[in-house]
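Source file: target_37.cif (mmCIF, C-alpha atoms)
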```
data_target
#
loop_
_atom_site.label_atom_id
_atom_site.label_comp_id
_atom_site.auth_asym_id
_atom_site.auth_seq_id
_atom_site.Cartn_x
_atom_site.Cartn_y
_atom_site.Cartn_z
CA MET A 1 69.65 103.74 172.53
CA GLY A 2 71.98 102.82 175.33
CA ASP A 3 72.78 99.27 174.22
CA LEU A 4 75.13 98.09 171.54
CA VAL A 5 73.39 97.28 168.26
CA ILE A 6 75.27 95.39 165.56
CA ILE A 7 74.01 95.95 162.00
CA ALA A 8 75.36 93.74 159.23
CA VAL A 9 75.06 95.10 155.69
CA GLY A 10 75.61 92.85 152.70
CA SER A 11 74.20 91.37 149.54
CA LEU A 12 73.61 87.97 147.99
CA LYS A 13 74.94 88.95 144.56
CA ALA A 14 77.77 91.39 143.94
CA SER A 15 77.76 94.26 146.45
CA PRO A 16 75.38 96.91 145.09
CA GLY A 17 76.00 99.90 147.32
CA ALA A 18 76.57 98.10 150.63
CA THR A 19 79.49 100.37 151.58
CA THR A 20 77.57 103.52 150.66
CA LEU A 21 74.56 102.37 152.69
CA ALA A 22 76.75 101.53 155.70
CA LEU A 23 78.37 104.98 155.65
CA ALA A 24 75.04 106.72 155.09
CA LEU A 25 73.46 104.88 158.03
CA ALA A 26 76.33 105.91 160.29
CA ASP A 27 76.06 109.50 159.07
CA ARG A 28 72.30 109.68 159.62
CA TRP A 29 72.05 107.56 162.80
CA PRO A 30 69.98 109.28 165.53
CA THR A 31 72.18 111.44 167.74
CA ASP A 32 70.87 109.86 170.94
CA GLY A 33 72.23 106.51 169.75
CA GLY A 34 75.87 107.59 170.08
CA ASP A 35 78.45 107.80 167.32
CA PRO A 36 78.34 104.64 165.18
CA LEU A 37 81.47 102.73 164.20
CA VAL A 38 81.69 101.40 160.62
CA VAL A 39 83.71 98.22 160.17
CA GLU A 40 84.72 97.23 156.65
CA ALA A 41 84.60 93.43 156.59
CA ASP A 42 84.29 92.70 152.87
CA PRO A 43 86.33 89.59 151.92
CA ALA A 44 86.65 91.01 148.38
CA GLY A 45 88.75 93.86 149.78
CA GLY A 46 88.03 97.27 151.22
CA ASP A 47 87.42 100.57 149.45
CA LEU A 48 87.69 103.09 152.27
CA GLY A 49 91.48 103.05 152.56
CA ALA A 50 91.96 103.97 148.92
CA ARG A 51 89.06 106.44 148.87
CA PHE A 52 90.33 108.44 151.83
CA GLY A 53 94.07 107.84 151.68
CA LEU A 54 94.15 105.72 154.84
CA LEU A 55 96.58 103.10 153.55
CA ALA A 56 99.60 104.59 155.29
CA GLY A 57 97.87 105.02 158.66
CA GLY A 58 98.43 101.45 159.82
CA ARG A 59 95.18 101.18 161.77
CA GLY A 60 92.33 98.97 160.67
CA LEU A 61 91.36 95.31 160.55
CA VAL A 62 95.03 94.30 160.49
CA THR A 63 95.80 95.96 163.84
CA LEU A 64 92.47 94.75 165.26
CA ALA A 65 93.36 91.15 164.40
CA ALA A 66 96.83 91.58 165.92
CA ALA A 67 95.36 93.06 169.11
CA GLY A 68 92.93 90.16 169.36
CA ARG A 69 95.77 87.64 169.15
CA ARG A 70 97.59 89.47 171.95
CA GLY A 71 94.52 89.53 174.15
CA GLY A 72 93.62 93.15 173.42
CA GLY A 73 94.24 94.51 176.90
CA GLN A 74 92.16 97.61 177.62
CA ARG A 75 92.53 99.16 174.18
CA SER A 76 89.51 100.84 172.67
CA ALA A 77 88.06 100.13 169.26
CA GLU A 78 89.00 103.73 168.49
CA ASP A 79 92.65 102.66 168.51
CA HIS A 80 91.98 100.76 165.27
CA ALA A 81 89.68 103.34 163.67
CA HIS A 82 90.20 106.35 161.42
CA GLN A 83 88.14 109.51 161.47
CA LEU A 84 86.87 110.41 158.01
CA PRO A 85 86.68 114.09 157.00
CA GLY A 86 82.98 114.17 157.90
CA GLY A 87 83.66 112.77 161.35
CA LEU A 88 82.64 109.14 160.80
CA ALA A 89 84.73 106.52 162.61
CA VAL A 90 85.72 103.60 160.37
CA ILE A 91 87.89 100.51 160.66
CA PRO A 92 89.06 99.86 157.08
CA ALA A 93 89.89 96.52 155.52
CA PRO A 94 92.96 95.83 153.37
CA THR A 95 92.36 96.68 149.73
CA GLY A 96 93.39 93.33 148.27
CA ALA A 97 90.93 90.43 148.38
CA GLU A 98 93.51 87.85 149.46
CA GLN A 99 94.78 89.92 152.40
CA ALA A 100 91.28 91.06 153.41
CA SER A 101 89.98 87.49 153.47
CA GLN A 102 93.00 86.32 155.44
CA VAL A 103 92.72 89.09 158.04
CA LEU A 104 88.99 88.45 158.49
CA GLY A 105 89.79 84.81 159.21
CA GLU A 106 92.38 85.89 161.77
CA LEU A 107 89.79 87.93 163.65
CA ASP A 108 88.50 84.62 165.03
CA GLY A 109 91.59 84.69 167.24
CA GLY A 110 89.96 87.35 169.41
CA GLY A 111 89.56 90.38 167.16
CA TRP A 112 85.77 90.06 166.83
CA SER A 113 85.31 89.71 170.58
CA LEU A 114 87.64 92.67 171.17
CA LEU A 115 85.58 94.77 168.77
CA TRP A 116 82.24 93.90 170.35
CA SER A 117 83.45 94.35 173.93
CA ALA A 118 85.27 97.61 173.18
CA ALA A 119 82.22 99.02 171.43
CA GLN A 120 79.96 97.74 174.21
CA THR A 121 81.83 99.90 176.70
CA GLY A 122 80.72 102.99 174.83
CA GLY A 123 77.25 101.64 174.06
CA ARG A 124 77.69 102.49 170.41
CA THR A 125 76.17 101.06 167.26
CA VAL A 126 78.50 98.99 165.08
CA ILE A 127 77.72 98.81 161.35
CA VAL A 128 79.60 96.02 159.57
CA ASP A 129 79.94 96.11 155.78
CA CYS A 130 80.12 92.38 154.97
CA GLY A 131 80.09 92.69 151.17
CA ARG A 132 78.78 89.65 149.36
CA LEU A 133 77.44 87.00 151.71
CA ASP A 134 77.89 83.29 151.17
CA PRO A 135 77.87 80.29 153.54
CA TRP A 136 81.67 80.26 153.81
CA SER A 137 82.29 83.97 154.20
CA PRO A 138 85.01 84.86 156.73
CA ALA A 139 82.70 87.68 157.79
CA GLY A 140 80.36 85.01 159.20
CA PRO A 141 81.03 85.89 162.87
CA ALA A 142 79.70 89.40 162.27
CA LEU A 143 76.55 87.95 160.75
CA ARG A 144 76.06 85.57 163.67
CA ALA A 145 76.50 88.45 166.14
CA ALA A 146 74.23 90.88 164.28
CA ASP A 147 71.01 92.19 165.75
CA VAL A 148 69.82 92.95 162.22
CA LEU A 149 70.93 92.15 158.66
CA LEU A 150 70.30 94.55 155.81
CA LEU A 151 70.31 92.77 152.45
CA VAL A 152 71.00 95.30 149.71
CA VAL A 153 69.52 94.56 146.29
CA ARG A 154 69.19 96.67 143.17
CA ALA A 155 65.82 96.89 141.46
CA ARG A 156 66.97 94.66 138.60
CA ASP A 157 65.29 91.49 137.38
CA GLU A 158 68.41 89.34 137.75
CA GLU A 159 69.16 90.51 141.29
CA LEU A 160 65.57 90.11 142.43
CA ALA A 161 65.49 86.62 140.91
CA HIS A 162 68.72 85.76 142.76
CA LEU A 163 67.22 87.06 146.00
CA ALA A 164 64.10 84.96 145.53
CA ALA A 165 66.17 81.86 144.81
CA ARG A 166 68.26 82.24 147.97
CA LEU A 167 65.65 83.62 150.34
CA HIS A 168 65.34 80.26 152.07
CA VAL A 169 69.04 80.49 152.94
CA VAL A 170 68.51 83.85 154.65
CA GLN A 171 65.52 82.47 156.53
CA GLY A 172 67.64 79.53 157.63
CA TRP A 173 70.14 81.83 159.36
CA ALA A 174 67.39 82.58 161.95
CA LEU A 175 68.61 86.12 162.53
CA PRO A 176 66.89 88.29 165.16
CA ALA A 177 65.81 90.66 162.37
CA TRP A 178 66.54 91.15 158.69
CA TYR A 179 65.36 93.46 155.95
CA VAL A 180 65.73 93.80 152.20
CA VAL A 181 66.86 97.29 151.22
CA VAL A 182 66.00 98.06 147.59
CA VAL A 183 68.35 100.44 145.78
CA ALA A 184 66.86 102.37 142.88
CA GLN A 185 68.54 102.42 139.49
CA PRO A 186 69.21 105.65 137.56
CA HIS A 187 66.35 106.92 135.42
CA ARG A 188 64.03 104.19 136.65
CA ALA A 189 61.16 104.23 139.09
CA PRO A 190 61.56 101.24 141.43
CA ASP A 191 58.27 101.68 143.28
CA TYR A 192 56.51 98.86 141.50
CA ARG A 193 59.43 96.52 142.28
CA VAL A 194 59.23 97.50 145.93
CA ARG A 195 55.52 96.76 145.95
CA GLU A 196 56.15 93.35 144.38
CA ILE A 197 58.77 92.45 146.97
CA ALA A 198 56.65 93.82 149.81
CA ARG A 199 53.75 91.67 148.64
CA VAL A 200 55.89 88.64 149.50
CA LEU A 201 58.00 89.90 152.42
CA GLY A 202 55.61 92.39 153.98
CA SER A 203 57.25 94.81 156.41
CA GLN A 204 60.69 93.32 155.84
CA VAL A 205 61.27 95.60 152.86
CA LEU A 206 62.89 99.02 153.34
CA GLY A 207 63.38 101.68 150.70
CA PRO A 208 63.64 102.36 147.92
CA VAL A 209 66.99 104.07 148.48
CA PRO A 210 67.29 106.67 145.69
CA HIS A 211 70.09 106.73 143.16
CA ASP A 212 71.86 109.88 144.37
CA THR A 213 75.26 110.30 142.72
CA THR A 214 76.08 113.58 144.48
CA ALA A 215 75.43 112.24 147.97
CA ALA A 216 77.31 109.01 147.17
CA GLU A 217 80.32 111.06 146.07
CA VAL A 218 80.21 113.01 149.34
CA LEU A 219 80.32 109.73 151.27
CA ALA A 220 83.15 108.54 149.02
CA GLY A 221 85.20 111.65 149.78
CA ARG A 222 85.13 112.88 146.19
CA ARG A 223 82.90 115.89 146.85
CA GLN A 224 82.37 118.30 149.74
CA THR A 225 79.27 120.23 150.69
CA ARG A 226 78.41 122.50 153.59
CA THR A 227 75.53 120.32 154.73
CA GLY A 228 76.91 116.86 153.94
CA ILE A 229 74.20 114.44 152.83
CA GLY A 230 71.58 115.65 155.30
CA ARG A 231 69.44 117.50 152.74
CA SER A 232 69.99 115.08 149.89
CA LYS A 233 67.46 112.48 148.75
CA LEU A 234 69.79 109.72 149.93
CA GLY A 235 70.29 111.40 153.30
CA ARG A 236 66.59 111.89 153.93
CA THR A 237 65.71 108.34 152.95
CA VAL A 238 68.49 106.72 154.98
CA ALA A 239 67.65 108.94 157.98
CA GLY A 240 64.18 107.40 157.92
CA ILE A 241 65.63 103.89 157.75
CA ALA A 242 68.09 104.65 160.56
CA GLY A 243 65.36 106.08 162.76
CA TYR A 244 63.17 103.04 162.14
CA LEU A 245 65.98 100.60 162.99
CA ALA A 246 67.02 102.55 166.09
CA ALA A 247 63.44 102.46 167.36
CA THR A 248 62.53 98.87 166.50
CA VAL A 249 65.61 96.66 166.53
CA PRO A 250 66.26 95.28 170.02
CA ALA A 251 69.88 95.11 171.09
CA GLY A 252 71.03 91.69 172.23
CA SER A 253 71.44 91.51 175.99
CA GLU A 254 74.54 89.40 175.54
CA ARG A 255 77.02 89.09 172.72
CA PRO A 256 77.36 85.51 171.47
CA ALA A 257 80.60 83.65 171.92
CA LEU A 258 82.68 84.44 168.88
CA GLY A 259 85.34 81.81 168.93
CA ALA A 260 86.23 79.77 165.90
CA ALA A 261 83.16 78.65 163.98
CA PRO A 262 82.79 75.22 162.37
CA ALA A 263 85.45 74.85 159.70
CA GLY A 264 84.40 75.73 156.17
CA SER A 265 86.18 75.52 152.85
CA ASN A 266 89.84 76.51 153.01
CA GLY A 267 89.58 76.67 156.79
CA ARG A 268 87.27 79.67 156.77
CA ALA A 269 84.38 80.12 159.16
CA ALA A 270 81.10 78.57 158.05
CA LEU A 271 77.73 80.01 158.93
CA PRO A 272 76.13 77.37 161.17
CA PRO A 273 72.96 75.71 159.89
CA THR A 274 69.88 76.85 161.79
CA PRO A 275 66.15 76.07 161.64
CA THR A 276 64.17 77.85 158.96
CA ARG A 277 62.05 80.79 160.07
CA THR A 278 58.71 81.61 158.50
CA VAL A 279 58.66 84.93 156.70
CA PRO A 280 55.74 87.06 157.96
CA ARG A 281 53.23 88.02 155.31
#
```

Let me see the file written as structure tokens.
Amino acid sequence: MGDLVIIAVGSLKASPGATTLALALADRWPTDGGDPLVVEADPAGGDLGARFGLLAGGRGLVTLAAAGRRGGGQRSAEDHAHQLPGGLAVIPAPTGAEQASQVLGELDGGGWSLLWSAAQTGGRTVIVDCGRLDPWSPAGPALRAADVLLLVVRARDEELAHLAARLHVVQGWALPAWYVVVVAQPHRAPDYRVREIARVLGSQVLGPVPHDTTAAEVLAGRRQTRTGIGRSKLGRTVAGIAGYLAATVPAGSERPALGAAPAGSNGRAALPPTPTRTVPR
């Protein structure tokens, strides 16, 4: 794929494996699609800095926001990214929720546009871990710019009920494409849950993503293997999802204007109301 594709990953309740899925997608993305860039944009605070000891490096969302305020110049997105031990490029968020939320709000000063334009130059895929999504999330600009949203949900009754209750909200965002990614729970077979969801949403259901502790620990930097996650259950499943998205999700021909959005609570960006789309059956 030669065009920039922006993938937003998040959830409607908690954040059940959104960061792991974002890293796994980047790791398994088709090689002809370029090297993906993972951006940690969770208002609840980032995990990657603490996991990989990146806190002292200085680069990340904080420097991206500062560069956006200064106009950015010709700097590349790589100037704000870290290379993880496995080779993945990530832009980490501050660990604390208050600072992370504040920095995400400051990206409206030009940081988002700098990120999209810098990534566009290299024609690379950008995967944004948005954490928990709500109408007033400061990660809203990433959602509005996304070519596809992946909603992560665990195969639990309460999470599926929450998804069903808020599905009309997701439809109202009128995204170019969105999918529900079902994450399996340990010692449980989620197939029947996937069939139930697919009966309502049709082809908009992906998964199930297996519960694979070993592969998740590799992505979290707590375990090393010679082959990474490629031969793991998680790796094989996510490789299929990545290949499907790379082949079917059209990249936007133009990035939307990402200036300040309509003011939300506490001055944060609000997701703009949009007409409701009909879910295909």

Target residues per the PyMOL selection byres ((chain A and resi 29) around 9), formatted as a CSV table (one decimal) with C-alpha atoms, in the frame of the given file:
```csv
chain,number,residue,atom,x,y,z
A,24,ALA,CA,75.0,106.7,155.1
A,25,LEU,CA,73.5,104.9,158.0
A,26,ALA,CA,76.3,105.9,160.3
A,27,ASP,CA,76.1,109.5,159.1
A,28,ARG,CA,72.3,109.7,159.6
A,30,PRO,CA,70.0,109.3,165.5
A,31,THR,CA,72.2,111.4,167.7
A,32,ASP,CA,70.9,109.9,170.9
A,33,GLY,CA,72.2,106.5,169.8
A,34,GLY,CA,75.9,107.6,170.1
A,35,ASP,CA,78.4,107.8,167.3
A,36,PRO,CA,78.3,104.6,165.2
A,125,THR,CA,76.2,101.1,167.3
A,238,VAL,CA,68.5,106.7,155.0
A,239,ALA,CA,67.6,108.9,158.0
A,241,ILE,CA,65.6,103.9,157.8
A,242,ALA,CA,68.1,104.6,160.6
A,243,GLY,CA,65.4,106.1,162.8
A,246,ALA,CA,67.0,102.6,166.1
```

query: Which value, in Å to one decimal, gives the distance between CA of Leu167 in chain A and CA of Leu12 in chain A?
result: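 CA of Leu167 in chain A sits 9.4 Å away from CA of Leu12 in chain A.
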
- prompt: Which distance in Å separates CA of Val180 in chain A and CA of Ala215 in chain A, to one decimal?
  reply: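 Here the two named atoms are 21.3 Å from each other.
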
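Among the candidates A:Ala81, A:Val205, A:Ile6, A:Leu133, the residue lying nearest to Ala93 in chain A is A:Ala81 (atoms considered: all atoms listed in the file).
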
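Taking CA of Asp47 in chain A as the reference point, CA of Ala100 in chain A is found at 11.0 Å.
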
Selection dump of the PyMOL selection byres ((chain A and resi 39) around 6), as a compact mmCIF listing (two decimals) with C-alpha atoms, keeping the file's coordinate frame:
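Once written, expr_0.txt looks like this:
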```
# COMPACT_ATOMS: atom_id res chain seq x y z
CA VAL A 38 81.69 101.40 160.62
CA GLU A 40 84.72 97.23 156.65
CA VAL A 90 85.72 103.60 160.37
CA ILE A 91 87.89 100.51 160.66
CA VAL A 128 79.60 96.02 159.57
```

message: If the PyMOL selection byres ((chain A and resi 60) around 12) were run on this exact file, what residues would it hold? Put them as a PyMOL selection string.
response: chain A and resi 38-41+46+48-49+54-59+61-67+77-83+89-95+100+103-104+107+111+115

message: Restricting the calculation to only C-alpha atoms: of A:Asp157, A:Leu149, A:Ala198, A:Val5, which residue gets closest to Ala174 in chain A?
response: A:Leu149

Please write a file for range 99-119 of chain A, taken from the block I just shared, that holds N, CA and C atoms and is laid out as an mmCIF file, in the first residue's frame.
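Heads up, here's the output in selection.cif:
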```
data_model
loop_
_atom_site.group_PDB
_atom_site.id
_atom_site.type_symbol
_atom_site.label_atom_id
_atom_site.label_comp_id
_atom_site.auth_asym_id
_atom_site.auth_seq_id
_atom_site.Cartn_x
_atom_site.Cartn_y
_atom_site.Cartn_z
ATOM 1 N N GLN A 99 -1.283 14.310 32.725
ATOM 2 C CA GLN A 99 -0.347 14.839 31.736
ATOM 3 C C GLN A 99 -0.681 14.324 30.341
ATOM 4 N N ALA A 100 -1.042 13.042 30.224
ATOM 5 C CA ALA A 100 -1.378 12.480 28.917
ATOM 6 C C ALA A 100 -2.568 13.191 28.305
ATOM 7 N N SER A 101 -3.608 13.427 29.104
ATOM 8 C CA SER A 101 -4.798 14.109 28.611
ATOM 9 C C SER A 101 -4.470 15.542 28.190
ATOM 10 N N GLN A 102 -3.635 16.204 28.984
ATOM 11 C CA GLN A 102 -3.254 17.575 28.660
ATOM 12 C C GLN A 102 -2.462 17.644 27.359
ATOM 13 N N VAL A 103 -1.492 16.750 27.199
ATOM 14 C CA VAL A 103 -0.662 16.760 25.992
ATOM 15 C C VAL A 103 -1.502 16.442 24.760
ATOM 16 N N LEU A 104 -2.431 15.504 24.869
ATOM 17 C CA LEU A 104 -3.298 15.185 23.737
ATOM 18 C C LEU A 104 -4.105 16.407 23.314
ATOM 19 N N GLY A 105 -4.588 17.176 24.296
ATOM 20 C CA GLY A 105 -5.292 18.401 23.967
ATOM 21 C C GLY A 105 -4.406 19.412 23.263
ATOM 22 N N GLU A 106 -3.138 19.444 23.647
ATOM 23 C CA GLU A 106 -2.198 20.387 23.036
ATOM 24 C C GLU A 106 -1.825 20.011 21.610
ATOM 25 N N LEU A 107 -2.055 18.761 21.223
ATOM 26 C CA LEU A 107 -1.759 18.360 19.853
ATOM 27 C C LEU A 107 -2.631 19.088 18.843
ATOM 28 N N ASP A 108 -3.770 19.643 19.294
ATOM 29 C CA ASP A 108 -4.615 20.427 18.398
ATOM 30 C C ASP A 108 -3.892 21.673 17.910
ATOM 31 N N GLY A 109 -2.804 22.050 18.574
ATOM 32 C CA GLY A 109 -2.048 23.216 18.144
ATOM 33 C C GLY A 109 -1.191 22.963 16.921
ATOM 34 N N GLY A 110 -1.249 21.790 16.351
ATOM 35 C CA GLY A 110 -0.485 21.478 15.145
ATOM 36 C C GLY A 110 0.190 20.130 15.184
ATOM 37 N N GLY A 111 0.209 19.484 16.359
ATOM 38 C CA GLY A 111 0.883 18.197 16.485
ATOM 39 C C GLY A 111 0.245 17.102 15.648
ATOM 40 N N TRP A 112 -1.105 17.046 15.632
ATOM 41 C CA TRP A 112 -1.775 16.023 14.828
ATOM 42 C C TRP A 112 -1.433 16.209 13.351
ATOM 43 N N SER A 113 -1.559 17.440 12.864
ATOM 44 C CA SER A 113 -1.272 17.688 11.455
ATOM 45 C C SER A 113 0.172 17.372 11.120
ATOM 46 N N LEU A 114 1.090 17.695 12.048
ATOM 47 C CA LEU A 114 2.503 17.374 11.831
ATOM 48 C C LEU A 114 2.692 15.875 11.720
ATOM 49 N N LEU A 115 1.995 15.123 12.567
ATOM 50 C CA LEU A 115 2.121 13.666 12.536
ATOM 51 C C LEU A 115 1.627 13.110 11.220
ATOM 52 N N TRP A 116 0.424 13.522 10.797
ATOM 53 C CA TRP A 116 -0.131 12.983 9.557
ATOM 54 C C TRP A 116 0.737 13.352 8.356
ATOM 55 N N SER A 117 1.168 14.618 8.276
ATOM 56 C CA SER A 117 1.941 15.045 7.115
ATOM 57 C C SER A 117 3.318 14.394 7.088
ATOM 58 N N ALA A 118 3.942 14.249 8.263
ATOM 59 C CA ALA A 118 5.257 13.614 8.315
ATOM 60 C C ALA A 118 5.162 12.143 7.930
ATOM 61 N N ALA A 119 4.115 11.474 8.391
ATOM 62 C CA ALA A 119 3.933 10.070 8.037
ATOM 63 C C ALA A 119 3.546 9.930 6.563
#
```
